[in-house]
Amino acid sequence: MHTFFLRILPATLAGLLLALASEYAVARPSRRTAGLAYVPATDSAYSPERHRLDVYAPKAAGPGLRPVVVFIHGGSWNSGNKNFYSFIGRRLAKQGVVAVVINYRLAPQVRVPQMADDCARAVHWTAAHIRQYGGDPQRLFVMGHSAGAGLAALLTADDRLFTRRGLTENPIKGAILDDPAGLDMLEYLQKLQYPGDEQYLVPFGRQPQVWREVSALYHVTARTPPYLVFVGGDTYPSISSSSARFRQKLTQLGRPPQYHVLPGKQHIPMVLQLYWQHNVIYRELLTFVGA
């Protein structure tokens, strides 16, 4: 992880803008409903920009309700926007999945616990409303890249994010993690071993207990839903090492994840490859969610 987030945004934006330009040049067999608010405007925390999500549903009618994937973007916990990831919503919908691509509040306005709460509220909204778009709330999965994958992992493991919002159980049936960052921020921030690591004290604060609370590694149990994990073979050492520890912990609990190291892939290409419909992540994802 370390200082790579300082370099992610410009390169990621360039690649995604190219993808978006290409997206509008081709026919898209999906239906997008954009800018839906998942937090009421009367809520004291409401952000008219960040508490929004887009739903992508297949245009073709299916024999029944379809599996649902909620995608959480990355960006160092301080940047990113759902609009950069429309290609993921389109690709999932084209393959028979109802996709929900969300925004959430970012640092420095809020810290990671509030980001996790936003994401949980987006999942809660999805579980309550996705039938209107042909999605099955009983087959609801989360997916993310980088910081977004860390949040997806946390939502799947920490049921308290939903019970504190009045739900009796976690609605998530599994998570797809694409080169996840933030799986173990307790160890990472205790070490601060890379130049520039102090920047992460802005989104995570300075309390080790909070670092632990927002790290999925410390919440997984023998009852945690399954994980499908992809790690770039040439990604950052902190991501590969924390992902390996996460895999080891799940395996010790009797819940070994489906775990794939993609040779030669660096961190940014791990999300950009999702522009292509038939890449290995989509192939494995469709089986994982039962599409």
# chains A, B, ... in the order shown; residues from 1 in each chain; ligands from 1
>>> residues_around(residues="Val110 of chain A", least_positions_apart="4", cutoff="10 Å", atoms="only C-alpha atoms", output="PyMOL selection string")
chain A and resi 77-78+104-106+114-115+202-204
>>> write_last_selection(atoms="N, CA and C atoms", output="PDB file, in the first residue's frame")
ATOM      1  N   TRP A  77      -9.088   6.161   0.212  1.00  0.00           N
ATOM      2  CA  TRP A  77     -10.041   6.645   1.212  1.00  0.00           C
ATOM      3  C   TRP A  77     -10.255   8.158   1.149  1.00  0.00           C
ATOM      4  N   ASN A  78      -9.696   8.820   0.122  1.00  0.00           N
ATOM      5  CA  ASN A  78      -9.890  10.270   0.024  1.00  0.00           C
ATOM      6  C   ASN A  78     -10.259  10.734  -1.385  1.00  0.00           C
ATOM      7  N   TYR A 104     -19.556   7.113  -1.469  1.00  0.00           N
ATOM      8  CA  TYR A 104     -19.583   7.200  -0.019  1.00  0.00           C
ATOM      9  C   TYR A 104     -18.716   8.390   0.372  1.00  0.00           C
ATOM     10  N   ARG A 105     -18.893   8.896   1.565  1.00  0.00           N
ATOM     11  CA  ARG A 105     -18.122  10.060   1.990  1.00  0.00           C
ATOM     12  C   ARG A 105     -16.640   9.703   2.140  1.00  0.00           C
ATOM     13  N   LEU A 106     -15.788  10.705   1.994  1.00  0.00           N
ATOM     14  CA  LEU A 106     -14.343  10.496   1.934  1.00  0.00           C
ATOM     15  C   LEU A 106     -13.619  11.384   2.935  1.00  0.00           C
ATOM     16  N   GLN A 114     -16.939   6.059   9.431  1.00  0.00           N
ATOM     17  CA  GLN A 114     -18.109   6.666   8.791  1.00  0.00           C
ATOM     18  C   GLN A 114     -18.250   6.186   7.338  1.00  0.00           C
ATOM     19  N   MET A 115     -17.126   5.964   6.663  1.00  0.00           N
ATOM     20  CA  MET A 115     -17.189   5.403   5.305  1.00  0.00           C
ATOM     21  C   MET A 115     -17.820   4.019   5.330  1.00  0.00           C
ATOM     22  N   VAL A 202      -4.935  10.474   8.486  1.00  0.00           N
ATOM     23  CA  VAL A 202      -6.083  11.366   8.242  1.00  0.00           C
ATOM     24  C   VAL A 202      -7.363  10.539   8.148  1.00  0.00           C
ATOM     25  N   PRO A 203      -7.462   9.537   7.253  1.00  0.00           N
ATOM     26  CA  PRO A 203      -8.708   8.763   7.211  1.00  0.00           C
ATOM     27  C   PRO A 203      -8.879   7.797   8.374  1.00  0.00           C
ATOM     28  N   PHE A 204      -7.779   7.339   8.983  1.00  0.00           N
ATOM     29  CA  PHE A 204      -7.888   6.316  10.019  1.00  0.00           C
ATOM     30  C   PHE A 204      -7.752   6.859  11.442  1.00  0.00           C
TER      31      PHE A 204
END
>>> select_by_dssp(residues="segment 20-225 of chain A", states="strand (DSSP E or B)", output="PyMOL selection string")
chain A and resi 30-37+52-58+66-72+98-102+135-146+175-180
>>> write_last_selection(atoms="N, CA and C atoms", output="short mmCIF file (atom, residue, chain, number, x, y, z; two decimals), in the first residue's frame")
data_model
loop_
_atom_site.label_atom_id
_atom_site.label_comp_id
_atom_site.auth_asym_id
_atom_site.auth_seq_id
_atom_site.Cartn_x
_atom_site.Cartn_y
_atom_site.Cartn_z
N SER A 30 -27.91 -2.74 -21.20
CA SER A 30 -28.21 -2.59 -19.79
C SER A 30 -29.03 -1.33 -19.59
N ARG A 31 -29.66 -1.26 -18.44
CA ARG A 31 -30.49 -0.11 -18.10
C ARG A 31 -29.93 0.51 -16.83
N ARG A 32 -29.55 1.78 -16.90
CA ARG A 32 -28.95 2.47 -15.77
C ARG A 32 -29.96 3.41 -15.13
N THR A 33 -30.10 3.29 -13.83
CA THR A 33 -30.87 4.25 -13.05
C THR A 33 -29.89 4.96 -12.15
N ALA A 34 -29.66 6.24 -12.41
CA ALA A 34 -28.53 6.95 -11.80
C ALA A 34 -28.98 7.89 -10.69
N GLY A 35 -28.06 8.10 -9.74
CA GLY A 35 -28.21 9.14 -8.75
C GLY A 35 -29.25 8.90 -7.69
N LEU A 36 -29.49 7.64 -7.34
CA LEU A 36 -30.48 7.34 -6.31
C LEU A 36 -29.88 7.61 -4.93
N ALA A 37 -30.63 8.29 -4.09
CA ALA A 37 -30.16 8.59 -2.74
C ALA A 37 -30.42 7.40 -1.83
N ARG A 52 -25.13 8.68 -2.83
CA ARG A 52 -25.83 8.35 -4.07
C ARG A 52 -25.30 7.04 -4.63
N LEU A 53 -26.14 6.35 -5.38
CA LEU A 53 -25.73 5.13 -6.06
C LEU A 53 -26.43 5.02 -7.41
N ASP A 54 -25.86 4.19 -8.28
CA ASP A 54 -26.43 3.91 -9.59
C ASP A 54 -26.73 2.42 -9.68
N VAL A 55 -27.87 2.07 -10.28
CA VAL A 55 -28.25 0.68 -10.48
C VAL A 55 -28.17 0.36 -11.97
N TYR A 56 -27.51 -0.75 -12.29
CA TYR A 56 -27.39 -1.24 -13.67
C TYR A 56 -28.09 -2.59 -13.75
N ALA A 57 -29.14 -2.67 -14.53
CA ALA A 57 -29.91 -3.90 -14.66
C ALA A 57 -29.90 -4.37 -16.11
N PRO A 58 -29.90 -5.68 -16.35
CA PRO A 58 -29.99 -6.18 -17.72
C PRO A 58 -31.29 -5.71 -18.38
N ARG A 66 -32.40 -11.72 -10.31
CA ARG A 66 -31.00 -11.94 -10.63
C ARG A 66 -30.11 -11.65 -9.42
N PRO A 67 -28.90 -12.26 -9.40
CA PRO A 67 -27.97 -11.92 -8.32
C PRO A 67 -27.57 -10.46 -8.38
N VAL A 68 -27.15 -9.93 -7.24
CA VAL A 68 -26.84 -8.51 -7.09
C VAL A 68 -25.41 -8.36 -6.61
N VAL A 69 -24.67 -7.43 -7.21
CA VAL A 69 -23.32 -7.09 -6.77
C VAL A 69 -23.25 -5.60 -6.51
N VAL A 70 -22.89 -5.22 -5.30
CA VAL A 70 -22.68 -3.81 -4.93
C VAL A 70 -21.18 -3.54 -5.04
N PHE A 71 -20.80 -2.60 -5.91
CA PHE A 71 -19.38 -2.29 -6.14
C PHE A 71 -18.99 -1.03 -5.36
N ILE A 72 -17.86 -1.14 -4.62
CA ILE A 72 -17.33 -0.03 -3.82
C ILE A 72 -15.99 0.40 -4.40
N VAL A 98 -27.47 -7.82 -11.57
CA VAL A 98 -27.88 -6.44 -11.25
C VAL A 98 -26.76 -5.81 -10.43
N ALA A 99 -26.16 -4.75 -10.96
CA ALA A 99 -25.02 -4.11 -10.32
C ALA A 99 -25.44 -2.80 -9.69
N VAL A 100 -24.86 -2.53 -8.52
CA VAL A 100 -25.09 -1.27 -7.82
C VAL A 100 -23.72 -0.65 -7.55
N VAL A 101 -23.48 0.53 -8.10
CA VAL A 101 -22.18 1.20 -7.95
C VAL A 101 -22.40 2.43 -7.08
N ILE A 102 -21.65 2.53 -5.99
CA ILE A 102 -21.99 3.52 -4.96
C ILE A 102 -20.91 4.59 -4.78
N GLY A 135 -33.45 -7.47 -9.09
CA GLY A 135 -32.41 -8.12 -8.30
C GLY A 135 -32.98 -8.92 -7.14
N ASP A 136 -32.25 -9.93 -6.74
CA ASP A 136 -32.65 -10.82 -5.66
C ASP A 136 -31.95 -10.41 -4.37
N PRO A 137 -32.65 -9.88 -3.39
CA PRO A 137 -31.99 -9.46 -2.15
C PRO A 137 -31.42 -10.63 -1.35
N GLN A 138 -31.84 -11.85 -1.68
CA GLN A 138 -31.28 -13.03 -1.02
C GLN A 138 -29.98 -13.50 -1.65
N ARG A 139 -29.59 -12.87 -2.74
CA ARG A 139 -28.31 -13.17 -3.40
C ARG A 139 -27.56 -11.85 -3.61
N LEU A 140 -27.22 -11.22 -2.51
CA LEU A 140 -26.59 -9.91 -2.53
C LEU A 140 -25.12 -10.04 -2.12
N PHE A 141 -24.24 -9.59 -3.00
CA PHE A 141 -22.80 -9.69 -2.79
C PHE A 141 -22.18 -8.29 -2.86
N VAL A 142 -21.01 -8.12 -2.26
CA VAL A 142 -20.28 -6.87 -2.37
C VAL A 142 -18.96 -7.12 -3.07
N MET A 143 -18.47 -6.07 -3.73
CA MET A 143 -17.23 -6.16 -4.48
C MET A 143 -16.52 -4.81 -4.37
N GLY A 144 -15.20 -4.83 -4.38
CA GLY A 144 -14.46 -3.58 -4.36
C GLY A 144 -13.05 -3.77 -4.85
N HIS A 145 -12.43 -2.66 -5.18
CA HIS A 145 -11.01 -2.65 -5.57
C HIS A 145 -10.26 -1.76 -4.58
N SER A 146 -9.07 -2.19 -4.18
CA SER A 146 -8.17 -1.40 -3.35
C SER A 146 -8.85 -1.04 -2.02
N ALA A 175 -18.25 -11.84 -0.76
CA ALA A 175 -17.52 -10.65 -1.21
C ALA A 175 -16.48 -11.03 -2.24
N ILE A 176 -16.33 -10.15 -3.23
CA ILE A 176 -15.31 -10.28 -4.26
C ILE A 176 -14.30 -9.16 -4.04
N LEU A 177 -13.07 -9.51 -3.73
CA LEU A 177 -12.04 -8.52 -3.40
C LEU A 177 -11.02 -8.47 -4.53
N ASP A 178 -10.84 -7.28 -5.10
CA ASP A 178 -9.91 -7.06 -6.20
C ASP A 178 -8.72 -6.25 -5.68
N ASP A 179 -7.59 -6.93 -5.45
CA ASP A 179 -6.37 -6.30 -4.94
C ASP A 179 -6.68 -5.44 -3.71
N PRO A 180 -7.14 -6.08 -2.63
CA PRO A 180 -7.66 -5.33 -1.49
C PRO A 180 -6.60 -4.62 -0.66
#
>>> residues_around(residues="Ala153 of chain A", least_positions_apart="2", cutoff="8 Å", atoms="only C-alpha atoms", output="PyMOL selection string")
chain A and resi 149-151+155-157+175+177+183+216
>>> residues_around(residues="Ala128 of chain A", least_positions_apart="2", cutoff="12 Å", atoms="only C-alpha atoms", output="MDAnalysis selection string")
chainID A and resid 38 121:126 130:133 135:138 140 167 171
>>> write_last_selection(atoms="N, CA and C atoms", output="PDB file, in the first residue's frame")
ATOM      1  N   TYR A  38     -29.382   6.956  -1.102  1.00  0.00           N
ATOM      2  CA  TYR A  38     -29.573   5.845  -0.174  1.00  0.00           C
ATOM      3  C   TYR A  38     -29.594   6.302   1.283  1.00  0.00           C
ATOM      4  N   ARG A 121     -25.053   1.364   4.774  1.00  0.00           N
ATOM      5  CA  ARG A 121     -26.361   1.952   4.484  1.00  0.00           C
ATOM      6  C   ARG A 121     -26.723   1.758   3.008  1.00  0.00           C
ATOM      7  N   ALA A 122     -25.734   1.816   2.131  1.00  0.00           N
ATOM      8  CA  ALA A 122     -25.989   1.562   0.711  1.00  0.00           C
ATOM      9  C   ALA A 122     -26.408   0.110   0.486  1.00  0.00           C
ATOM     10  N   VAL A 123     -25.760  -0.820   1.187  1.00  0.00           N
ATOM     11  CA  VAL A 123     -26.140  -2.230   1.087  1.00  0.00           C
ATOM     12  C   VAL A 123     -27.541  -2.438   1.660  1.00  0.00           C
ATOM     13  N   HIS A 124     -27.825  -1.786   2.780  1.00  0.00           N
ATOM     14  CA  HIS A 124     -29.152  -1.872   3.397  1.00  0.00           C
ATOM     15  C   HIS A 124     -30.212  -1.370   2.417  1.00  0.00           C
ATOM     16  N   TRP A 125     -29.972  -0.226   1.786  1.00  0.00           N
ATOM     17  CA  TRP A 125     -30.909   0.305   0.784  1.00  0.00           C
ATOM     18  C   TRP A 125     -31.097  -0.704  -0.348  1.00  0.00           C
ATOM     19  N   THR A 126     -30.000  -1.286  -0.802  1.00  0.00           N
ATOM     20  CA  THR A 126     -30.072  -2.249  -1.900  1.00  0.00           C
ATOM     21  C   THR A 126     -30.928  -3.448  -1.517  1.00  0.00           C
ATOM     22  N   ILE A 130     -33.919  -3.531  -4.196  1.00  0.00           N
ATOM     23  CA  ILE A 130     -33.373  -4.046  -5.451  1.00  0.00           C
ATOM     24  C   ILE A 130     -34.358  -4.912  -6.227  1.00  0.00           C
ATOM     25  N   ARG A 131     -35.399  -5.413  -5.592  1.00  0.00           N
ATOM     26  CA  ARG A 131     -36.415  -6.163  -6.332  1.00  0.00           C
ATOM     27  C   ARG A 131     -37.047  -5.308  -7.425  1.00  0.00           C
ATOM     28  N   GLN A 132     -37.146  -4.009  -7.189  1.00  0.00           N
ATOM     29  CA  GLN A 132     -37.738  -3.116  -8.185  1.00  0.00           C
ATOM     30  C   GLN A 132     -36.932  -3.102  -9.483  1.00  0.00           C
ATOM     31  N   TYR A 133     -35.676  -3.532  -9.403  1.00  0.00           N
ATOM     32  CA  TYR A 133     -34.788  -3.510 -10.568  1.00  0.00           C
ATOM     33  C   TYR A 133     -34.439  -4.926 -11.038  1.00  0.00           C
ATOM     34  N   GLY A 135     -33.451  -7.469  -9.088  1.00  0.00           N
ATOM     35  CA  GLY A 135     -32.414  -8.118  -8.297  1.00  0.00           C
ATOM     36  C   GLY A 135     -32.977  -8.921  -7.140  1.00  0.00           C
ATOM     37  N   ASP A 136     -32.246  -9.932  -6.743  1.00  0.00           N
ATOM     38  CA  ASP A 136     -32.651 -10.825  -5.664  1.00  0.00           C
ATOM     39  C   ASP A 136     -31.947 -10.414  -4.368  1.00  0.00           C
ATOM     40  N   PRO A 137     -32.654  -9.876  -3.394  1.00  0.00           N
ATOM     41  CA  PRO A 137     -31.991  -9.462  -2.146  1.00  0.00           C
ATOM     42  C   PRO A 137     -31.424 -10.631  -1.348  1.00  0.00           C
ATOM     43  N   GLN A 138     -31.839 -11.851  -1.677  1.00  0.00           N
ATOM     44  CA  GLN A 138     -31.284 -13.032  -1.017  1.00  0.00           C
ATOM     45  C   GLN A 138     -29.981 -13.495  -1.653  1.00  0.00           C
ATOM     46  N   LEU A 140     -27.223 -11.217  -2.508  1.00  0.00           N
ATOM     47  CA  LEU A 140     -26.591  -9.906  -2.531  1.00  0.00           C
ATOM     48  C   LEU A 140     -25.122 -10.044  -2.122  1.00  0.00           C
ATOM     49  N   LEU A 167     -31.005  -3.984  11.386  1.00  0.00           N
ATOM     50  CA  LEU A 167     -31.173  -5.264  10.705  1.00  0.00           C
ATOM     51  C   LEU A 167     -30.865  -6.407  11.668  1.00  0.00           C
ATOM     52  N   PRO A 171     -27.030  -8.800   5.399  1.00  0.00           N
ATOM     53  CA  PRO A 171     -27.632  -9.241   4.138  1.00  0.00           C
ATOM     54  C   PRO A 171     -26.624  -9.737   3.099  1.00  0.00           C
TER      55      PRO A 171
END
>>> closest_atom_pairs(of="segment 32-146 of chain A", to="segment 206-213 of chain A", cutoff="12 Å", atoms="only C-alpha atoms", output="Markdown table")
| residue | atom | partner | partner_atom | distance |
| --- | --- | --- | --- | --- |
| A:Arg111 | CA | A:Val210 | CA | 10.1 |
| A:Val112 | CA | A:Val210 | CA | 9.0 |
| A:Pro113 | CA | A:Val210 | CA | 8.0 |
| A:Gln114 | CA | A:Val210 | CA | 11.5 |
| A:Ala116 | CA | A:Glu213 | CA | 10.6 |
>>> closest_residue(among="A:Ile239, A:Ala127, A:Ala41, A:Leu161", to="Asp184 of chain A", atoms="only C-alpha atoms")
A:Ile239
>>> closest_residue(among="A:Gly134, A:Gly290, A:Pro225, A:Pro256", to="Ala152 of chain A", atoms="only C-alpha atoms")
A:Pro225
>>> residues_around(residues="Val261 of chain A", least_positions_apart="6", cutoff="8 Å", atoms="only C-alpha atoms", output="ChimeraX atom specification")
/A:230-233
>>> select_by_dssp(residues="segment 21-257 of chain A", states="alpha helix (DSSP H)", output="PyMOL selection string")
chain A and resi 21-23+86-94+112-129+147-157+160-163+185-191+201-204+208-213+237-252
>>> decode(residues="segment 36-61 of chain A", atoms="N, CA and C atoms", output="short mmCIF file (atom, residue, chain, number, x, y, z; two decimals), in the first residue's frame")
data_model
loop_
_atom_site.label_atom_id
_atom_site.label_comp_id
_atom_site.auth_asym_id
_atom_site.auth_seq_id
_atom_site.Cartn_x
_atom_site.Cartn_y
_atom_site.Cartn_z
N LEU A 36 -29.49 7.64 -7.34
CA LEU A 36 -30.48 7.34 -6.31
C LEU A 36 -29.88 7.61 -4.93
N ALA A 37 -30.63 8.29 -4.09
CA ALA A 37 -30.16 8.59 -2.74
C ALA A 37 -30.42 7.40 -1.83
N TYR A 38 -29.38 6.96 -1.10
CA TYR A 38 -29.57 5.84 -0.17
C TYR A 38 -29.59 6.30 1.28
N VAL A 39 -29.45 7.60 1.51
CA VAL A 39 -29.61 8.19 2.83
C VAL A 39 -30.66 9.31 2.68
N PRO A 40 -31.63 9.39 3.56
CA PRO A 40 -32.66 10.43 3.44
C PRO A 40 -32.06 11.83 3.55
N ALA A 41 -32.62 12.76 2.81
CA ALA A 41 -32.14 14.14 2.85
C ALA A 41 -32.35 14.76 4.23
N THR A 42 -33.22 14.18 5.03
CA THR A 42 -33.48 14.71 6.37
C THR A 42 -32.44 14.23 7.39
N ASP A 43 -31.58 13.29 6.99
CA ASP A 43 -30.56 12.76 7.89
C ASP A 43 -29.49 13.83 8.12
N SER A 44 -29.04 13.97 9.36
CA SER A 44 -28.06 15.01 9.67
C SER A 44 -26.72 14.78 8.97
N ALA A 45 -26.44 13.55 8.57
CA ALA A 45 -25.18 13.23 7.90
C ALA A 45 -25.28 13.30 6.38
N TYR A 46 -26.46 13.59 5.86
CA TYR A 46 -26.72 13.47 4.43
C TYR A 46 -25.79 14.33 3.58
N SER A 47 -25.21 13.69 2.55
CA SER A 47 -24.41 14.39 1.55
C SER A 47 -25.09 14.23 0.20
N PRO A 48 -25.50 15.30 -0.44
CA PRO A 48 -26.24 15.16 -1.70
C PRO A 48 -25.42 14.57 -2.83
N GLU A 49 -24.10 14.60 -2.73
CA GLU A 49 -23.25 13.99 -3.75
C GLU A 49 -22.81 12.59 -3.36
N ARG A 50 -22.37 12.41 -2.12
CA ARG A 50 -21.72 11.16 -1.74
C ARG A 50 -22.70 10.06 -1.34
N HIS A 51 -23.91 10.41 -0.93
CA HIS A 51 -24.89 9.38 -0.55
C HIS A 51 -25.78 9.04 -1.74
N ARG A 52 -25.13 8.68 -2.83
CA ARG A 52 -25.83 8.35 -4.07
C ARG A 52 -25.30 7.04 -4.63
N LEU A 53 -26.14 6.35 -5.38
CA LEU A 53 -25.73 5.13 -6.06
C LEU A 53 -26.43 5.02 -7.41
N ASP A 54 -25.86 4.19 -8.28
CA ASP A 54 -26.43 3.91 -9.59
C ASP A 54 -26.73 2.42 -9.68
N VAL A 55 -27.87 2.07 -10.28
CA VAL A 55 -28.25 0.68 -10.48
C VAL A 55 -28.17 0.36 -11.97
N TYR A 56 -27.51 -0.75 -12.29
CA TYR A 56 -27.39 -1.24 -13.67
C TYR A 56 -28.09 -2.59 -13.75
N ALA A 57 -29.14 -2.67 -14.53
CA ALA A 57 -29.91 -3.90 -14.66
C ALA A 57 -29.90 -4.37 -16.11
N PRO A 58 -29.90 -5.68 -16.35
CA PRO A 58 -29.99 -6.18 -17.72
C PRO A 58 -31.29 -5.71 -18.38
N LYS A 59 -31.19 -5.35 -19.65
CA LYS A 59 -32.40 -4.95 -20.37
C LYS A 59 -33.31 -6.14 -20.65
N ALA A 60 -32.69 -7.26 -20.97
CA ALA A 60 -33.47 -8.45 -21.30
C ALA A 60 -34.14 -9.00 -20.04
N ALA A 61 -35.39 -9.39 -20.17
CA ALA A 61 -36.10 -9.97 -19.05
C ALA A 61 -35.54 -11.36 -18.75
#
